[in-house]
>>> print(open('my_file.pdb').read())   # PDB, C-alpha atoms
MODEL        1
ATOM      1  CA  MET S  22       5.820  21.199  11.550
ATOM      2  CA  VAL S  23       8.559  18.586  11.697
ATOM      3  CA  ASP S  24      11.727  18.149   9.618
ATOM      4  CA  LEU S  25      12.445  14.529   8.672
ATOM      5  CA  THR S  26      15.573  13.250   6.948
ATOM      6  CA  PHE S  27      15.244  10.511   4.343
ATOM      7  CA  THR S  28      17.304   8.593   1.826
ATOM      8  CA  LEU S  29      15.759   8.904  -1.629
ATOM      9  CA  ASP S  30      16.315   5.594  -3.412
ATOM     10  CA  ALA S  31      16.014   6.522  -7.072
ATOM     11  CA  VAL S  32      16.685   4.140  -9.940
ATOM     12  CA  ARG S  33      19.984   5.779 -10.861
ATOM     13  CA  GLN S  34      21.198   7.137  -7.518
ATOM     14  CA  ARG S  35      20.657   7.428  -3.780
ATOM     15  CA  SER S  36      20.630  10.821  -2.097
ATOM     16  CA  GLN S  37      19.828  12.397   1.253
ATOM     17  CA  LEU S  38      17.086  14.959   1.683
ATOM     18  CA  THR S  39      15.415  16.692   4.605
ATOM     19  CA  LEU S  40      11.732  17.437   4.161
ATOM     20  CA  PRO S  41       9.651  19.895   6.180
ATOM     21  CA  ILE S  42       6.317  18.197   6.921
ATOM     22  CA  ARG S  43       3.639  20.750   7.710
ATOM     23  CA  GLN S  44       0.537  18.588   7.390
ATOM     24  CA  ALA S  45      -0.150  14.933   8.179
ATOM     25  CA  VAL S  46      -3.243  13.120   6.916
ATOM     26  CA  ILE S  47      -4.398   9.583   7.648
ATOM     27  CA  ALA S  48      -6.650   8.350   4.852
ATOM     28  CA  GLY S  49      -9.011   5.637   6.001
ATOM     29  CA  TRP S  50     -11.373   3.170   4.367
ATOM     30  CA  THR S  51      -9.453   3.322   1.097
ATOM     31  CA  GLY S  52     -10.115  -0.191  -0.131
ATOM     32  CA  ARG S  53     -10.866  -0.563  -3.825
ATOM     33  CA  ASP S  54     -12.848  -3.751  -3.184
ATOM     34  CA  PRO S  55     -15.951  -2.891  -1.140
ATOM     35  CA  VAL S  56     -16.075  -6.447   0.273
ATOM     36  CA  ALA S  57     -12.536  -6.238   1.665
ATOM     37  CA  ARG S  58     -13.167  -2.683   2.865
ATOM     38  CA  ASP S  59     -16.304  -3.732   4.714
ATOM     39  CA  LYS S  60     -14.396  -6.639   6.278
ATOM     40  CA  HIS S  61     -11.991  -4.187   7.892
ATOM     41  CA  ILE S  62     -14.871  -1.960   8.981
ATOM     42  CA  ALA S  63     -16.557  -4.992  10.564
ATOM     43  CA  GLU S  64     -13.249  -5.936  12.233
ATOM     44  CA  LEU S  65     -13.162  -2.569  13.966
ATOM     45  CA  GLU S  66     -16.872  -2.660  14.770
ATOM     46  CA  GLU S  67     -16.139  -5.742  16.887
ATOM     47  CA  LEU S  68     -13.963  -3.427  19.002
ATOM     48  CA  GLY S  69     -16.837  -0.954  19.372
ATOM     49  CA  ILE S  70     -15.578   1.444  16.698
ATOM     50  CA  ALA S  71     -18.350   3.132  14.711
ATOM     51  CA  ARG S  72     -18.541   2.990  10.931
ATOM     52  CA  PRO S  73     -16.971   5.978   9.138
ATOM     53  CA  ALA S  74     -19.047   8.916   7.960
ATOM     54  CA  SER S  75     -17.658   8.480   4.435
ATOM     55  CA  THR S  76     -15.337   6.221   2.461
ATOM     56  CA  PRO S  77     -12.616   7.215   2.027
ATOM     57  CA  ILE S  78     -12.210   9.598   4.950
ATOM     58  CA  TYR S  79      -9.245  11.876   5.715
ATOM     59  CA  TYR S  80      -8.201  12.340   9.339
ATOM     60  CA  ARG S  81      -5.812  15.137  10.317
ATOM     61  CA  VAL S  82      -3.074  14.579  12.899
ATOM     62  CA  ALA S  83      -0.235  16.767  14.098
ATOM     63  CA  ALA S  84       2.755  16.617  11.759
ATOM     64  CA  ALA S  85       4.970  16.330  14.838
ATOM     65  CA  ARG S  86       3.537  12.840  15.380
ATOM     66  CA  LEU S  87       5.583  11.542  12.429
ATOM     67  CA  THR S  88       8.843   9.889  13.471
ATOM     68  CA  THR S  89      11.624   7.733  12.036
ATOM     69  CA  ALA S  90      12.770   6.706  15.540
ATOM     70  CA  PRO S  91      13.293   3.008  16.387
ATOM     71  CA  SER S  92      10.767   3.072  19.248
ATOM     72  CA  ILE S  93       7.635   4.867  20.416
ATOM     73  CA  GLU S  94       6.006   5.273  23.815
ATOM     74  CA  VAL S  95       2.292   4.606  24.244
ATOM     75  CA  SER S  96      -0.166   4.828  27.128
ATOM     76  CA  GLY S  97      -1.287   1.396  28.306
ATOM     77  CA  VAL S  98      -1.694  -1.796  26.323
ATOM     78  CA  GLU S  99      -4.530  -0.946  23.942
ATOM     79  CA  SER S 100      -2.624   0.321  20.889
ATOM     80  CA  SER S 101      -1.462  -1.399  17.713
ATOM     81  CA  GLY S 102       0.195  -0.652  14.385
ATOM     82  CA  GLU S 103      -0.999  -0.867  10.773
ATOM     83  CA  VAL S 104       1.213  -0.834   7.685
ATOM     84  CA  GLU S 105       0.345   1.851   5.121
ATOM     85  CA  PHE S 106       1.975   3.414   2.093
ATOM     86  CA  VAL S 107       2.822   7.079   2.594
ATOM     87  CA  LEU S 108       2.755   9.808  -0.057
ATOM     88  CA  ILE S 109       4.715  13.019   0.540
ATOM     89  CA  GLY S 110       4.394  16.137  -1.582
ATOM     90  CA  THR S 111       7.546  18.183  -2.135
ATOM     91  CA  GLN S 112       8.361  20.806  -4.768
ATOM     92  CA  GLY S 113       5.633  19.559  -7.071
ATOM     93  CA  ARG S 114       6.747  15.911  -6.826
ATOM     94  CA  ILE S 115       5.244  12.961  -4.998
ATOM     95  CA  LEU S 116       7.516  10.682  -3.004
ATOM     96  CA  VAL S 117       6.491   7.242  -1.737
ATOM     97  CA  GLY S 118       7.324   5.683   1.616
ATOM     98  CA  VAL S 119       5.883   3.294   4.151
ATOM     99  CA  GLY S 120       4.671   3.882   7.684
ATOM    100  CA  SER S 121       2.545   2.582  10.534
ATOM    101  CA  ASP S 122      -0.676   4.234  11.618
ATOM    102  CA  HIS S 123      -0.166   3.267  15.246
ATOM    103  CA  THR S 124      -3.496   3.869  16.986
ATOM    104  CA  ASP S 125      -4.948   3.627  20.480
ATOM    105  CA  ARG S 126      -7.803   1.156  19.997
ATOM    106  CA  LYS S 127      -9.534   1.900  23.292
ATOM    107  CA  VAL S 128      -9.746   5.596  22.460
ATOM    108  CA  GLU S 129     -10.755   4.734  18.890
ATOM    109  CA  ALA S 130     -13.962   3.209  20.251
ATOM    110  CA  TYR S 131     -15.264   6.641  21.219
ATOM    111  CA  GLY S 132     -13.372   8.990  18.906
ATOM    112  CA  VAL S 133     -11.403   7.936  15.821
ATOM    113  CA  THR S 134      -9.859  11.365  15.216
ATOM    114  CA  VAL S 135      -8.712  11.600  18.834
ATOM    115  CA  SER S 136      -7.280   8.065  18.712
ATOM    116  CA  LYS S 137      -5.185   8.937  15.658
ATOM    117  CA  GLN S 138      -3.649  11.812  17.584
ATOM    118  CA  MET S 139      -2.821   9.651  20.618
ATOM    119  CA  CYS S 140       0.184   7.818  19.141
ATOM    120  CA  ASP S 141       3.297   8.621  17.145
ATOM    121  CA  LYS S 142       3.252   7.544  13.503
ATOM    122  CA  PRO S 143       6.471   5.693  12.607
ATOM    123  CA  ILE S 144       7.697   6.086   9.044
ATOM    124  CA  ALA S 145      10.667   4.431   7.316
ATOM    125  CA  PRO S 146      13.596   6.807   6.620
ATOM    126  CA  GLU S 147      13.670   5.892   2.918
ATOM    127  CA  LEU S 148      11.568   7.031  -0.031
ATOM    128  CA  TRP S 149      10.968   6.327  -3.718
ATOM    129  CA  ASP S 150       9.921   8.698  -6.482
ATOM    130  CA  PHE S 151       6.272   8.052  -7.346
ATOM    131  CA  ALA S 152       7.059   8.663 -11.024
ATOM    132  CA  GLU S 153       9.234   5.527 -11.014
ATOM    133  CA  VAL S 154       6.461   3.268  -9.687
ATOM    134  CA  ALA S 155       3.295   4.845 -11.084
ATOM    135  CA  ASP S 156       3.026   2.489 -14.066
ATOM    136  CA  HIS S 157       3.150  -0.645 -11.881
ATOM    137  CA  TRP S 158       1.605   0.773  -8.700
ATOM    138  CA  ASP S 159      -0.945  -2.024  -8.349
ATOM    139  CA  GLN S 160       1.818  -4.651  -8.137
ATOM    140  CA  ILE S 161       3.452  -3.101  -5.071
ATOM    141  CA  VAL S 162       3.054  -5.108  -1.857
ATOM    142  CA  LEU S 163       2.585  -3.958   1.755
ATOM    143  CA  ARG S 164       3.525  -6.344   4.549
ATOM    144  CA  SER S 165       3.833  -6.243   8.324
ATOM    145  CA  PHE S 166       4.984  -8.455  11.200
ATOM    146  CA  ALA S 167       4.144  -8.223  14.893
ATOM    147  CA  THR S 168       6.091  -9.556  17.851
ATOM    148  CA  ILE S 169       3.468 -10.887  20.249
ATOM    149  CA  GLY S 170       4.854 -12.500  23.356
ATOM    150  CA  ASP S 171       8.121 -13.952  22.116
ATOM    151  CA  GLU S 172       6.893 -14.811  18.639
ATOM    152  CA  ARG S 173       7.271 -12.751  15.447
ATOM    153  CA  VAL S 174       4.211 -13.459  13.327
ATOM    154  CA  PRO S 175       2.908 -12.268   9.939
ATOM    155  CA  TYR S 176       0.304  -9.596  10.628
ATOM    156  CA  GLN S 177      -0.791  -8.030   7.325
ATOM    157  CA  GLU S 178      -0.108  -8.455   3.623
ATOM    158  CA  GLY S 179      -1.698  -7.171   0.446
ATOM    159  CA  ARG S 180      -1.073  -5.663  -2.972
ATOM    160  CA  LEU S 181      -1.943  -2.084  -3.733
ATOM    161  CA  ASP S 182      -4.455  -3.204  -6.320
ATOM    162  CA  GLY S 183      -6.645  -3.658  -3.246
ATOM    163  CA  MET S 184      -6.464   0.077  -2.509
ATOM    164  CA  LEU S 185      -7.814   3.090  -4.348
ATOM    165  CA  PRO S 186      -5.228   4.272  -6.910
ATOM    166  CA  ALA S 187      -2.853   6.867  -5.481
ATOM    167  CA  ARG S 188      -3.916   9.639  -7.852
ATOM    168  CA  GLU S 189      -7.594   9.018  -7.127
ATOM    169  CA  LEU S 190      -6.935   9.072  -3.395
ATOM    170  CA  ILE S 191      -5.140  12.407  -3.750
ATOM    171  CA  ALA S 192      -7.874  13.854  -5.966
ATOM    172  CA  ARG S 193     -10.662  12.888  -3.546
ATOM    173  CA  GLY S 194      -8.820  14.421  -0.616
ATOM    174  CA  PHE S 195      -7.280  17.518  -2.197
ATOM    175  CA  GLY S 196      -9.059  18.159  -5.470
ATOM    176  CA  GLY S 197      -7.353  19.198  -8.682
ATOM    177  CA  GLY S 198      -4.478  20.908  -6.910
ATOM    178  CA  GLY S 199      -2.789  17.619  -6.116
ATOM    179  CA  LEU S 200      -0.942  16.655  -2.960
ATOM    180  CA  PRO S 201       0.287  19.878  -1.298
ATOM    181  CA  ASP S 202       3.991  20.403  -0.705
ATOM    182  CA  GLY S 203       4.836  19.494   2.861
ATOM    183  CA  CYS S 204       1.900  17.090   3.211
ATOM    184  CA  ALA S 205       2.393  13.462   4.230
ATOM    185  CA  MET S 206      -0.627  11.235   3.612
ATOM    186  CA  PHE S 207      -0.999   7.672   4.876
ATOM    187  CA  GLY S 208      -2.968   5.679   2.328
ATOM    188  CA  GLY S 209      -4.931   3.003   4.184
ATOM    189  CA  THR S 210      -4.326  -0.544   5.322
ATOM    190  CA  PHE S 211      -5.343  -4.198   5.115
ATOM    191  CA  ALA S 212      -7.156  -6.403   7.615
ATOM    192  CA  ALA S 213      -4.958  -8.018  10.259
ATOM    193  CA  MET S 214      -4.436 -11.762  10.071
ATOM    194  CA  GLY S 215      -6.025 -13.165  13.206
ATOM    195  CA  GLY S 216      -7.502  -9.814  14.210
ATOM    196  CA  ILE S 217      -6.170  -6.550  15.589
ATOM    197  CA  ARG S 218      -3.965  -6.985  18.667
ATOM    198  CA  PRO S 219      -1.121  -5.219  20.434
ATOM    199  CA  ALA S 220       2.544  -6.111  19.999
ATOM    200  CA  THR S 221       5.834  -5.285  21.673
ATOM    201  CA  ARG S 222       7.454  -4.718  18.282
ATOM    202  CA  PHE S 223       5.976  -3.885  14.887
ATOM    203  CA  GLU S 224       7.818  -4.215  11.564
ATOM    204  CA  PHE S 225       6.574  -3.179   8.143
ATOM    205  CA  GLU S 226       7.699  -2.998   4.537
ATOM    206  CA  ILE S 227       6.762  -1.959   1.032
ATOM    207  CA  GLU S 228       8.026  -4.152  -1.818
ATOM    208  CA  ASP S 229       8.395  -3.187  -5.475
ATOM    209  CA  PRO S 230       8.640  -6.530  -7.343
ATOM    210  CA  VAL S 231       9.186  -4.833 -10.708
ATOM    211  CA  LEU S 232      12.248  -2.774  -9.751
ATOM    212  CA  ASN S 233      13.241  -5.414  -7.179
ATOM    213  CA  ARG S 234      13.564  -3.211  -4.095
ATOM    214  CA  THR S 235      12.039  -3.022  -0.641
ATOM    215  CA  ILE S 236      11.813  -0.396   2.096
ATOM    216  CA  ARG S 237      11.711  -1.860   5.615
ATOM    217  CA  HIS S 238      11.365  -0.339   9.048
ATOM    218  CA  GLY S 239      10.441  -1.441  12.551
ATOM    219  CA  TYR S 240       9.944  -0.042  16.001
ATOM    220  CA  ASP S 241       9.634  -1.197  19.587
ATOM    221  CA  VAL S 242       6.475  -0.300  21.484
ATOM    222  CA  ILE S 243       7.165   0.920  25.009
ATOM    223  CA  GLU S 244       4.053   0.812  27.156
ATOM    224  CA  LEU S 245       3.707   3.522  29.800
ATOM    225  CA  PRO S 246       1.571   2.759  32.858
ATOM    226  CA  ILE S 247      -1.865   4.272  33.336
ATOM    227  CA  LEU S 248      -2.278   5.288  36.961
ATOM    228  CA  GLY S 249      -5.421   6.305  38.811
TER     229      GLY S 249
ENDMDL
END
>>> encode(input="my_file.pdb", output="structure tokens")
Amino acid sequence: MVDLTFTLDAVRQRSQLTLPIRQAVIAGWTGRDPVARDKHIAELEELGIARPASTPIYYRVAAARLTTAPSIEVSGVESSGEVEFVLIGTQGRILVGVGSDHTDRKVEAYGVTVSKQMCDKPIAPELWDFAEVADHWDQIVLRSFATIGDERVPYQEGRLDGMLPARELIARGFGGGGLPDGCAMFGGTFAAMGGIRPATRFEFEIEDPVLNRTIRHGYDVIELPILG
């Protein structure tokens, strides 16, 4: 379990809250459009990563991997980030955030579940109430930027109408009981512009064009040497 402190940006007020996260889930292959979904699957197949057993699929990782820190440490140079919306269950409510499913791509080639566990999962320290965005969910935009060399470049962008609806994603993973309290679920990602590649810094955001607000976060990637 890990306790994370967030700012809840509600329409009428902002407040601080600390949430105990007991379960972390990375939902994969969540594309609503099978063509776009298969494009991302093919993108990973080029790296030697096998096709998933099902779509969507729900990988478990240690809750302690979630972090709001401004940097993470990784082994070697084979990892990269992916922007994803994040749903958190708490006291019967669903809160919405944004995070990065930072993954070791070399390990992913022989074991996706293991690769998910290899890296910390950065998450922005700000949340929205799902009830405030549910009626225009499909208009919300995910976006990311990667610093590669000395250049900050656009890396991913897409609207959530390209993903399975949030309630459907929850229902497929957890049944009629809904998202459990204390569960943080990452909701899937978009293909990378120019292909998946490592970066020294990764920045990501979720934009609500209807309520005119954005949550942004970024982190430095510190590469640790692999010896022997």
>>> closest_residue(input="my_file.pdb", among="S:Phe195, S:Tyr240, S:Phe207, S:Trp149", to="S:Val32", atoms="all atoms listed in the file")
S:Trp149
>>> atom_distance(input="my_file.pdb", atom1="atom CA of S:Ile47", atom2="atom CA of S:Ala192")
14.7 Å
>>> resolve_selection(input="my_file.pdb", expression="the PyMOL selection byres ((chain S and resi 64) around 12)", output="mmCIF file with C-alpha atoms, keeping the file's coordinate frame")
data_model
loop_
_atom_site.group_PDB
_atom_site.id
_atom_site.type_symbol
_atom_site.label_atom_id
_atom_site.label_comp_id
_atom_site.auth_asym_id
_atom_site.auth_seq_id
_atom_site.Cartn_x
_atom_site.Cartn_y
_atom_site.Cartn_z
ATOM 1 C CA ALA S 57 -12.536 -6.238 1.665
ATOM 2 C CA ARG S 58 -13.167 -2.683 2.865
ATOM 3 C CA ASP S 59 -16.304 -3.732 4.714
ATOM 4 C CA LYS S 60 -14.396 -6.639 6.278
ATOM 5 C CA HIS S 61 -11.991 -4.187 7.892
ATOM 6 C CA ILE S 62 -14.871 -1.960 8.981
ATOM 7 C CA ALA S 63 -16.557 -4.992 10.564
ATOM 8 C CA LEU S 65 -13.162 -2.569 13.966
ATOM 9 C CA GLU S 66 -16.872 -2.660 14.770
ATOM 10 C CA GLU S 67 -16.139 -5.742 16.887
ATOM 11 C CA LEU S 68 -13.963 -3.427 19.002
ATOM 12 C CA GLY S 69 -16.837 -0.954 19.372
ATOM 13 C CA ILE S 70 -15.578 1.444 16.698
ATOM 14 C CA ALA S 71 -18.350 3.132 14.711
ATOM 15 C CA ARG S 72 -18.541 2.990 10.931
ATOM 16 C CA ARG S 126 -7.803 1.156 19.997
ATOM 17 C CA PHE S 211 -5.343 -4.198 5.115
ATOM 18 C CA ALA S 212 -7.156 -6.403 7.615
ATOM 19 C CA ALA S 213 -4.958 -8.018 10.259
ATOM 20 C CA MET S 214 -4.436 -11.762 10.071
ATOM 21 C CA GLY S 215 -6.025 -13.165 13.206
ATOM 22 C CA GLY S 216 -7.502 -9.814 14.210
ATOM 23 C CA ILE S 217 -6.170 -6.550 15.589
ATOM 24 C CA ARG S 218 -3.965 -6.985 18.667
#
>>> atom_distance(input="my_file.pdb", atom1="atom CA of S:Phe223", atom2="atom CA of S:Ser101")
8.3 Å
>>> resolve_selection(input="my_file.pdb", expression="the PyMOL selection byres ((chain S and resi 115) around 8)", output="list in words")
Leu108, Ile109, Gly110, Thr111, Gly113, Arg114, Leu116, Val117, Asp150, Phe151, Ala152 and Leu200 of chain S
>>> closest_residue(input="my_file.pdb", among="S:Thr124, S:Thr39, S:Thr76, S:Thr210", to="S:Glu105", atoms="all atoms listed in the file")
S:Thr210
>>> residues_around(input="my_file.pdb", residues="S:Pro219", least_positions_apart="5", cutoff="7 Å", atoms="all atoms listed in the file", output="short mmCIF file (atom, residue, chain, number, x, y, z; two decimals) with C-alpha atoms, in the coordinates of the input")
data_model
loop_
_atom_site.label_atom_id
_atom_site.label_comp_id
_atom_site.auth_asym_id
_atom_site.auth_seq_id
_atom_site.Cartn_x
_atom_site.Cartn_y
_atom_site.Cartn_z
CA VAL S 98 -1.69 -1.80 26.32
CA GLU S 99 -4.53 -0.95 23.94
CA SER S 100 -2.62 0.32 20.89
CA SER S 101 -1.46 -1.40 17.71
#
>>> resolve_selection(input="my_file.pdb", expression="the PyMOL selection byres ((chain S and resi 37) around 9)", output="list in words")
Thr26, Phe27, Thr28, Leu29, Asp30, Arg35, Ser36, Leu38 and Thr39 of chain S
>>> closest_residue(input="my_file.pdb", among="S:Leu245, S:Val154, S:Val56, S:Met22", to="S:Met184", atoms="only C-alpha atoms")
S:Val56
>>> residues_around(input="my_file.pdb", residues="S:Val95", least_positions_apart="5", cutoff="12 Å", atoms="all atoms listed in the file", output="list of chain:residue names")
S:Ser100, S:Ser101, S:Gly102, S:His123, S:Thr124, S:Asp125, S:Arg126, S:Ser136, S:Gln138, S:Met139, S:Cys140, S:Asp141, S:Lys142, S:Pro219, S:Ala220, S:Thr221, S:Asp241, S:Val242, S:Ile243, S:Glu244, S:Leu245, S:Pro246, S:Ile247
>>> atom_distance(input="my_file.pdb", atom1="atom CA of S:Pro146", atom2="atom CA of S:Val104")
14.6 Å
>>> residues_around(input="my_file.pdb", residues="S:Cys204", least_positions_apart="2", cutoff="7 Å", atoms="only C-alpha atoms", output="list in words")
Ile42, Arg43, Gln44, Ala45, Ile109, Gly110, Leu200, Pro201, Asp202 and Met206 of chain S
>>> write_last_selection(input="my_file.pdb", atoms="C-alpha atoms", output="PDB file, keeping the file's coordinate frame")
ATOM      1  CA  ILE S  42       6.317  18.197   6.921  1.00  0.00           C
ATOM      2  CA  ARG S  43       3.639  20.750   7.710  1.00  0.00           C
ATOM      3  CA  GLN S  44       0.537  18.588   7.390  1.00  0.00           C
ATOM      4  CA  ALA S  45      -0.150  14.933   8.179  1.00  0.00           C
ATOM      5  CA  ILE S 109       4.715  13.019   0.540  1.00  0.00           C
ATOM      6  CA  GLY S 110       4.394  16.137  -1.582  1.00  0.00           C
ATOM      7  CA  LEU S 200      -0.942  16.655  -2.960  1.00  0.00           C
ATOM      8  CA  PRO S 201       0.287  19.878  -1.298  1.00  0.00           C
ATOM      9  CA  ASP S 202       3.991  20.403  -0.705  1.00  0.00           C
ATOM     10  CA  MET S 206      -0.627  11.235   3.612  1.00  0.00           C
TER      11      MET S 206
END
>>> residues_near_point(input="my_file.pdb", point="(-3.1, -7.1, -5.0)", cutoff="9 Å", atoms="all atoms listed in the file", output="ChimeraX atom specification")
/S:159-162,179-184
>>> residues_around(input="my_file.pdb", residues="stretch 234-237 of chain S", least_positions_apart="3", cutoff="7 Å", atoms="all atoms listed in the file", output="PyMOL selection string")
chain S and resi 145+147+225-230
>>> write_last_selection(input="my_file.pdb", atoms="C-alpha atoms", output="PDB file, in the coordinates of the input")
ATOM      1  CA  ALA S 145      10.667   4.431   7.316  1.00  0.00           C
ATOM      2  CA  GLU S 147      13.670   5.892   2.918  1.00  0.00           C
ATOM      3  CA  PHE S 225       6.574  -3.179   8.143  1.00  0.00           C
ATOM      4  CA  GLU S 226       7.699  -2.998   4.537  1.00  0.00           C
ATOM      5  CA  ILE S 227       6.762  -1.959   1.032  1.00  0.00           C
ATOM      6  CA  GLU S 228       8.026  -4.152  -1.818  1.00  0.00           C
ATOM      7  CA  ASP S 229       8.395  -3.187  -5.475  1.00  0.00           C
ATOM      8  CA  PRO S 230       8.640  -6.530  -7.343  1.00  0.00           C
TER       9      PRO S 230
END
>>> closest_residue(input="my_file.pdb", among="S:Trp158, S:Tyr131, S:Tyr176, S:Phe166", to="S:Arg222", atoms="all atoms listed in the file")
S:Phe166
>>> closest_residue(input="my_file.pdb", among="S:Leu25, S:Leu232, S:Pro73, S:Val46", to="S:Glu129", atoms="only C-alpha atoms")
S:Pro73
>>> closest_residue(input="my_file.pdb", among="S:Leu248, S:Ile191, S:Val231, S:Val133", to="S:His157", atoms="all atoms listed in the file")
S:Val231
>>> residues_around(input="my_file.pdb", residues="S:Ile144", least_positions_apart="2", cutoff="9 Å", atoms="all atoms listed in the file", output="list in words")
Leu87, Thr88, Thr89, Ala90, Val107, Gly118, Val119, Gly120, Ser121, Asp122, Lys142, Pro146, Glu147, His238 and Gly239 of chain S
>>> decode(input="my_file.pdb", residues="stretch 63-79 of chain S", atoms="N, CA, C and O atoms", output="mmCIF file, in the first residue's frame")
data_model
loop_
_atom_site.group_PDB
_atom_site.id
_atom_site.type_symbol
_atom_site.label_atom_id
_atom_site.label_comp_id
_atom_site.auth_asym_id
_atom_site.auth_seq_id
_atom_site.Cartn_x
_atom_site.Cartn_y
_atom_site.Cartn_z
ATOM 1 N N ALA S 63 1.005 -3.920 -33.137
ATOM 2 C CA ALA S 63 2.035 -4.154 -34.151
ATOM 3 C C ALA S 63 3.307 -3.373 -33.817
ATOM 4 O O ALA S 63 4.424 -3.861 -34.043
ATOM 5 N N GLU S 64 3.138 -2.158 -33.272
ATOM 6 C CA GLU S 64 4.277 -1.336 -32.869
ATOM 7 C C GLU S 64 5.133 -2.072 -31.843
ATOM 8 O O GLU S 64 6.365 -2.089 -31.918
ATOM 9 N N LEU S 65 4.486 -2.712 -30.891
ATOM 10 C CA LEU S 65 5.215 -3.448 -29.867
ATOM 11 C C LEU S 65 5.753 -4.777 -30.397
ATOM 12 O O LEU S 65 6.812 -5.232 -29.956
ATOM 13 N N GLU S 66 5.040 -5.370 -31.346
ATOM 14 C CA GLU S 66 5.541 -6.612 -31.939
ATOM 15 C C GLU S 66 6.886 -6.381 -32.625
ATOM 16 O O GLU S 66 7.740 -7.275 -32.661
ATOM 17 N N GLU S 67 7.089 -5.184 -33.162
ATOM 18 C CA GLU S 67 8.367 -4.865 -33.806
ATOM 19 C C GLU S 67 9.512 -4.901 -32.796
ATOM 20 O O GLU S 67 10.675 -5.078 -33.165
ATOM 21 N N LEU S 68 9.170 -4.729 -31.506
ATOM 22 C CA LEU S 68 10.172 -4.801 -30.444
ATOM 23 C C LEU S 68 10.283 -6.212 -29.868
ATOM 24 O O LEU S 68 10.979 -6.431 -28.883
ATOM 25 N N GLY S 69 9.560 -7.165 -30.466
ATOM 26 C CA GLY S 69 9.614 -8.543 -29.998
ATOM 27 C C GLY S 69 8.630 -8.855 -28.897
ATOM 28 O O GLY S 69 8.764 -9.867 -28.204
ATOM 29 N N ILE S 70 7.630 -7.997 -28.714
ATOM 30 C CA ILE S 70 6.656 -8.174 -27.632
ATOM 31 C C ILE S 70 5.438 -8.911 -28.174
ATOM 32 O O ILE S 70 4.811 -8.480 -29.153
ATOM 33 N N ALA S 71 5.092 -10.023 -27.547
ATOM 34 C CA ALA S 71 4.008 -10.875 -28.041
ATOM 35 C C ALA S 71 2.655 -10.187 -27.918
ATOM 36 O O ALA S 71 2.438 -9.315 -27.068
ATOM 37 N N ARG S 72 1.729 -10.591 -28.765
ATOM 38 C CA ARG S 72 0.361 -10.091 -28.697
ATOM 39 C C ARG S 72 -0.284 -10.493 -27.370
ATOM 40 O O ARG S 72 0.028 -11.544 -26.811
ATOM 41 N N PRO S 73 -1.205 -9.676 -26.862
ATOM 42 C CA PRO S 73 -1.837 -9.982 -25.572
ATOM 43 C C PRO S 73 -2.765 -11.184 -25.661
ATOM 44 O O PRO S 73 -3.289 -11.507 -26.739
ATOM 45 N N ALA S 74 -3.000 -11.815 -24.519
ATOM 46 C CA ALA S 74 -3.893 -12.965 -24.473
ATOM 47 C C ALA S 74 -5.346 -12.544 -24.653
ATOM 48 O O ALA S 74 -6.178 -13.340 -25.105
ATOM 49 N N SER S 75 -5.666 -11.297 -24.292
ATOM 50 C CA SER S 75 -7.028 -10.791 -24.450
ATOM 51 C C SER S 75 -6.970 -9.281 -24.612
ATOM 52 O O SER S 75 -5.965 -8.648 -24.281
ATOM 53 N N THR S 76 -8.030 -8.705 -25.128
ATOM 54 C CA THR S 76 -8.138 -7.247 -25.216
ATOM 55 C C THR S 76 -9.514 -6.827 -24.702
ATOM 56 O O THR S 76 -10.524 -7.292 -25.228
ATOM 57 N N PRO S 77 -9.580 -5.966 -23.675
ATOM 58 C CA PRO S 77 -8.434 -5.453 -22.920
ATOM 59 C C PRO S 77 -7.859 -6.515 -21.982
ATOM 60 O O PRO S 77 -8.441 -7.577 -21.807
ATOM 61 N N ILE S 78 -6.727 -6.179 -21.387
ATOM 62 C CA ILE S 78 -6.087 -7.055 -20.406
ATOM 63 C C ILE S 78 -5.693 -6.193 -19.207
ATOM 64 O O ILE S 78 -5.427 -4.992 -19.352
ATOM 65 N N TYR S 79 -5.689 -6.781 -18.021
ATOM 66 C CA TYR S 79 -5.478 -6.018 -16.785
ATOM 67 C C TYR S 79 -4.268 -6.574 -16.039
ATOM 68 O O TYR S 79 -4.326 -7.654 -15.467
#
